[in-house]
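Chemist: Please see the structure below; I have some questions.
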Amino acid sequence: MMNSKQQRRLFYLVPYGFWLVLFVIAPLVLLLMQSLTTADGHFTLRHYMTYFGSGTYLRMTFNSVFYAVVITLITLVISYPTAYLLNQLKQRQFWLLLVILPTWINLLLKTYAFIGLLSHTGSVNAFLSFFGIAPQQLLFSDWSFLLVASYIEIPFMILPIFNSLAELDPKLTQASHDLGANKWQTLRRVIVPLSMPGVKSGIQAVFIPSLSLFMITRLIGGNRVITLGTAIEEHFLVTQNWQLGSTIGVILIVAMVITMILTRDRARKRR
């Protein structure tokens, strides 16, 4: 007979397992099956051969990884000092709430807001006109795509770094000062190394979604920014080539798994 604790555990485990199988495992299996079959249902590796033998798809892969790396670096450079300063404030939870508040707004609404800001007759060009600068083409460029994508991803980098810094024992920094280290040395040799689990979590939270961006690339980057996410959208919604779209999806999932393996917290795993 199961005791009450085991019954409660089973009560929570069954719906979670059902949800996991239905909405995570089953779609992944269907994606893999479609990538390995033809439209008639016969087994084939032709879609993978098409992908790896095409310079266009390899260039899209490079663009996806390149933009994801740049977005991750931009958000990391901005987020670490921000998270560090937030931890020094008295009302740090309130200021953190203001940072993550934009994540409550729909992604499409935020994207259209930037279109209004950066358009030819938008707020930014209106502001520049006060200085005698003619309206500039700000949309449909690499830098505008990186700007919007970085803005959207910043809260997901700040939050894990903030939590990692908040969990640090203040006695460690006090001991560092007692041993003669200044603030910069304490930050570089004590705080930064101990907060690396949060940095790695932030890299995962930003780099992995950035690999498969497609809506921002369309609305902000236009046709100048082409990534694998854009290719998947084209194959599923335009060309109706679901087999090749599934192949690219499988490759993206593999890339995401590799990223998680490379950025996992090995020290915590050993403990």
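In the structure tokens, chains take the letters A, B, ... in the order shown, each chain's residues start at 1, and ligands count up from 1 in the order shown.
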Show me, as JSON lines, the residues of segment 151-260 of chain A having an atom within 8 Å of segment 79-97 of chain A, each with the closest atom pair and its distance in Å, using only C-alpha atoms.
Modeler:
```
{"residue": "A:Ile154", "atom": "CA", "partner": "A:Ser79", "partner_atom": "CA", "distance": 6.5}
{"residue": "A:Pro155", "atom": "CA", "partner": "A:Ser79", "partner_atom": "CA", "distance": 7.9}
{"residue": "A:Met157", "atom": "CA", "partner": "A:Ser79", "partner_atom": "CA", "distance": 6.2}
{"residue": "A:Ile158", "atom": "CA", "partner": "A:Ser79", "partner_atom": "CA", "distance": 4.9}
{"residue": "A:Leu159", "atom": "CA", "partner": "A:Ala83", "partner_atom": "CA", "distance": 7.6}
{"residue": "A:Ile161", "atom": "CA", "partner": "A:Ala83", "partner_atom": "CA", "distance": 6.3}
{"residue": "A:Phe162", "atom": "CA", "partner": "A:Ala83", "partner_atom": "CA", "distance": 4.8}
{"residue": "A:Leu165", "atom": "CA", "partner": "A:Tyr84", "partner_atom": "CA", "distance": 7.0}
{"residue": "A:Ala166", "atom": "CA", "partner": "A:Asn87", "partner_atom": "CA", "distance": 6.5}
```
Chemist: Could you list, as a PDB file with N, CA, C and O atoms, in the first residue's frame, every residue within 10 Å of Asn63 of chain A, counting only C-alpha atoms and ignoring same-chain residues fewer than 5 positions away?
Modeler:
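Written file, out.pdb:
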```pdb
ATOM      1  N   TYR A  57      21.447  27.100 -47.147  1.00  0.00           N
ATOM      2  CA  TYR A  57      21.075  26.686 -45.794  1.00  0.00           C
ATOM      3  C   TYR A  57      22.252  26.789 -44.834  1.00  0.00           C
ATOM      4  O   TYR A  57      22.080  27.145 -43.664  1.00  0.00           O
ATOM      5  N   LEU A  58      23.440  26.485 -45.309  1.00  0.00           N
ATOM      6  CA  LEU A  58      24.620  26.627 -44.448  1.00  0.00           C
ATOM      7  C   LEU A  58      24.869  28.092 -44.113  1.00  0.00           C
ATOM      8  O   LEU A  58      25.284  28.415 -42.995  1.00  0.00           O
ATOM      9  N   ALA A  68      22.725  35.120 -32.998  1.00  0.00           N
ATOM     10  CA  ALA A  68      22.452  34.661 -31.638  1.00  0.00           C
ATOM     11  C   ALA A  68      23.627  34.990 -30.713  1.00  0.00           C
ATOM     12  O   ALA A  68      23.422  35.402 -29.560  1.00  0.00           O
ATOM     13  N   VAL A  69      24.850  34.816 -31.200  1.00  0.00           N
ATOM     14  CA  VAL A  69      26.039  35.139 -30.397  1.00  0.00           C
ATOM     15  C   VAL A  69      26.107  36.635 -30.125  1.00  0.00           C
ATOM     16  O   VAL A  69      26.367  37.066 -28.986  1.00  0.00           O
ATOM     17  N   LEU A 211      18.363  31.682 -31.593  1.00  0.00           N
ATOM     18  CA  LEU A 211      18.678  30.849 -32.752  1.00  0.00           C
ATOM     19  C   LEU A 211      17.493  30.717 -33.697  1.00  0.00           C
ATOM     20  O   LEU A 211      17.684  30.549 -34.901  1.00  0.00           O
ATOM     21  N   VAL A 225      17.794  40.190 -43.037  1.00  0.00           N
ATOM     22  CA  VAL A 225      18.186  39.247 -41.995  1.00  0.00           C
ATOM     23  C   VAL A 225      17.468  37.924 -42.264  1.00  0.00           C
ATOM     24  O   VAL A 225      16.254  37.821 -42.095  1.00  0.00           O
ATOM     25  N   ILE A 226      18.208  36.918 -42.700  1.00  0.00           N
ATOM     26  CA  ILE A 226      17.646  35.608 -43.014  1.00  0.00           C
ATOM     27  C   ILE A 226      18.283  34.584 -42.088  1.00  0.00           C
ATOM     28  O   ILE A 226      19.506  34.434 -42.057  1.00  0.00           O
ATOM     29  N   THR A 227      17.467  33.891 -41.326  1.00  0.00           N
ATOM     30  CA  THR A 227      17.946  32.887 -40.375  1.00  0.00           C
ATOM     31  C   THR A 227      17.197  31.574 -40.592  1.00  0.00           C
ATOM     32  O   THR A 227      16.288  31.486 -41.428  1.00  0.00           O
ATOM     33  N   LEU A 228      17.565  30.565 -39.812  1.00  0.00           N
ATOM     34  CA  LEU A 228      16.883  29.276 -39.917  1.00  0.00           C
ATOM     35  C   LEU A 228      15.429  29.370 -39.463  1.00  0.00           C
ATOM     36  O   LEU A 228      14.568  28.645 -39.972  1.00  0.00           O
TER      37      LEU A 228
END
```
Chemist: Which is closest to Ile78 of chain A among A:Glu153, A:Asp178, A:Glu233, A:Asp169, if we use only C-alpha atoms?
Modeler: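 Selected residue with least distance to Ile78 of chain A: A:Glu153.
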Chemist: For the structure I just gave you, how does DSSP split segment 45-147 of chain A - specifically, which residues are alpha helix (DSSP H)? Reply as an MDAnalysis selection string.
Modeler: chainID A and resid 46:52 55:88 92:100 107:118 123:129 142:147
Chemist: Between atom CA of Phe18 of chain A and atom CA of Met33 of chain A, what is the spacing in Å?
Modeler: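 Between these atoms lies a distance of 20.9 Å.
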Chemist: Just want the 12 Å neighbourhood of Val206 of chain A, counted on only C-alpha atoms, with same-chain residues fewer than 2 positions away dropped. Output as an mmCIF file with C-alpha atoms, in the first residue's frame.
Modeler:
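As written to disk, selection_26.cif reads:
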```cif
data_model
loop_
_atom_site.group_PDB
_atom_site.id
_atom_site.type_symbol
_atom_site.label_atom_id
_atom_site.label_comp_id
_atom_site.auth_asym_id
_atom_site.auth_seq_id
_atom_site.Cartn_x
_atom_site.Cartn_y
_atom_site.Cartn_z
ATOM 1 C CA TYR A 67 23.190 36.822 -34.691
ATOM 2 C CA ALA A 68 22.452 34.661 -31.638
ATOM 3 C CA VAL A 69 26.039 35.139 -30.397
ATOM 4 C CA VAL A 70 25.923 38.914 -30.974
ATOM 5 C CA ILE A 71 22.542 39.250 -29.231
ATOM 6 C CA THR A 72 23.829 37.176 -26.307
ATOM 7 C CA LEU A 73 26.997 39.291 -25.987
ATOM 8 C CA ILE A 74 25.044 42.562 -26.140
ATOM 9 C CA THR A 75 22.580 41.442 -23.484
ATOM 10 C CA LEU A 76 25.363 40.063 -21.277
ATOM 11 C CA SER A 79 22.747 42.817 -18.018
ATOM 12 C CA ALA A 149 16.094 41.463 -30.292
ATOM 13 C CA SER A 150 18.517 42.519 -27.534
ATOM 14 C CA TYR A 151 15.898 44.702 -25.869
ATOM 15 C CA ILE A 152 13.411 41.830 -25.816
ATOM 16 C CA GLU A 153 15.961 39.314 -24.478
ATOM 17 C CA ILE A 154 17.609 41.508 -21.806
ATOM 18 C CA PRO A 155 15.204 40.622 -18.940
ATOM 19 C CA PHE A 156 15.905 36.915 -19.490
ATOM 20 C CA MET A 157 19.617 37.589 -19.018
ATOM 21 C CA ILE A 158 19.250 39.924 -16.042
ATOM 22 C CA LEU A 159 16.996 37.660 -13.959
ATOM 23 C CA PRO A 160 19.291 34.599 -13.556
ATOM 24 C CA VAL A 199 25.623 33.865 -16.369
ATOM 25 C CA LYS A 200 25.437 30.413 -17.952
ATOM 26 C CA SER A 201 21.709 30.215 -17.277
ATOM 27 C CA GLY A 202 21.272 33.646 -18.843
ATOM 28 C CA ILE A 203 23.253 32.581 -21.902
ATOM 29 C CA GLN A 204 20.974 29.572 -22.288
ATOM 30 C CA ILE A 208 18.660 29.327 -27.518
ATOM 31 C CA PRO A 209 15.574 31.453 -28.388
ATOM 32 C CA SER A 210 17.732 33.772 -30.512
ATOM 33 C CA LEU A 211 18.678 30.849 -32.752
ATOM 34 C CA SER A 212 15.107 30.462 -33.978
ATOM 35 C CA LEU A 213 13.850 34.057 -34.209
ATOM 36 C CA MET A 256 20.023 23.960 -28.653
ATOM 37 C CA THR A 259 24.315 24.768 -26.208
ATOM 38 C CA MET A 260 22.752 23.463 -23.002
#
```
Chemist: To one decimal place in Å, what is the distance between atom CA of Ile253 of chain A and atom CA of Arg46 of chain A?
Modeler: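 Result for atom CA of Ile253 of chain A versus atom CA of Arg46 of chain A: 19.0 Å, one decimal.
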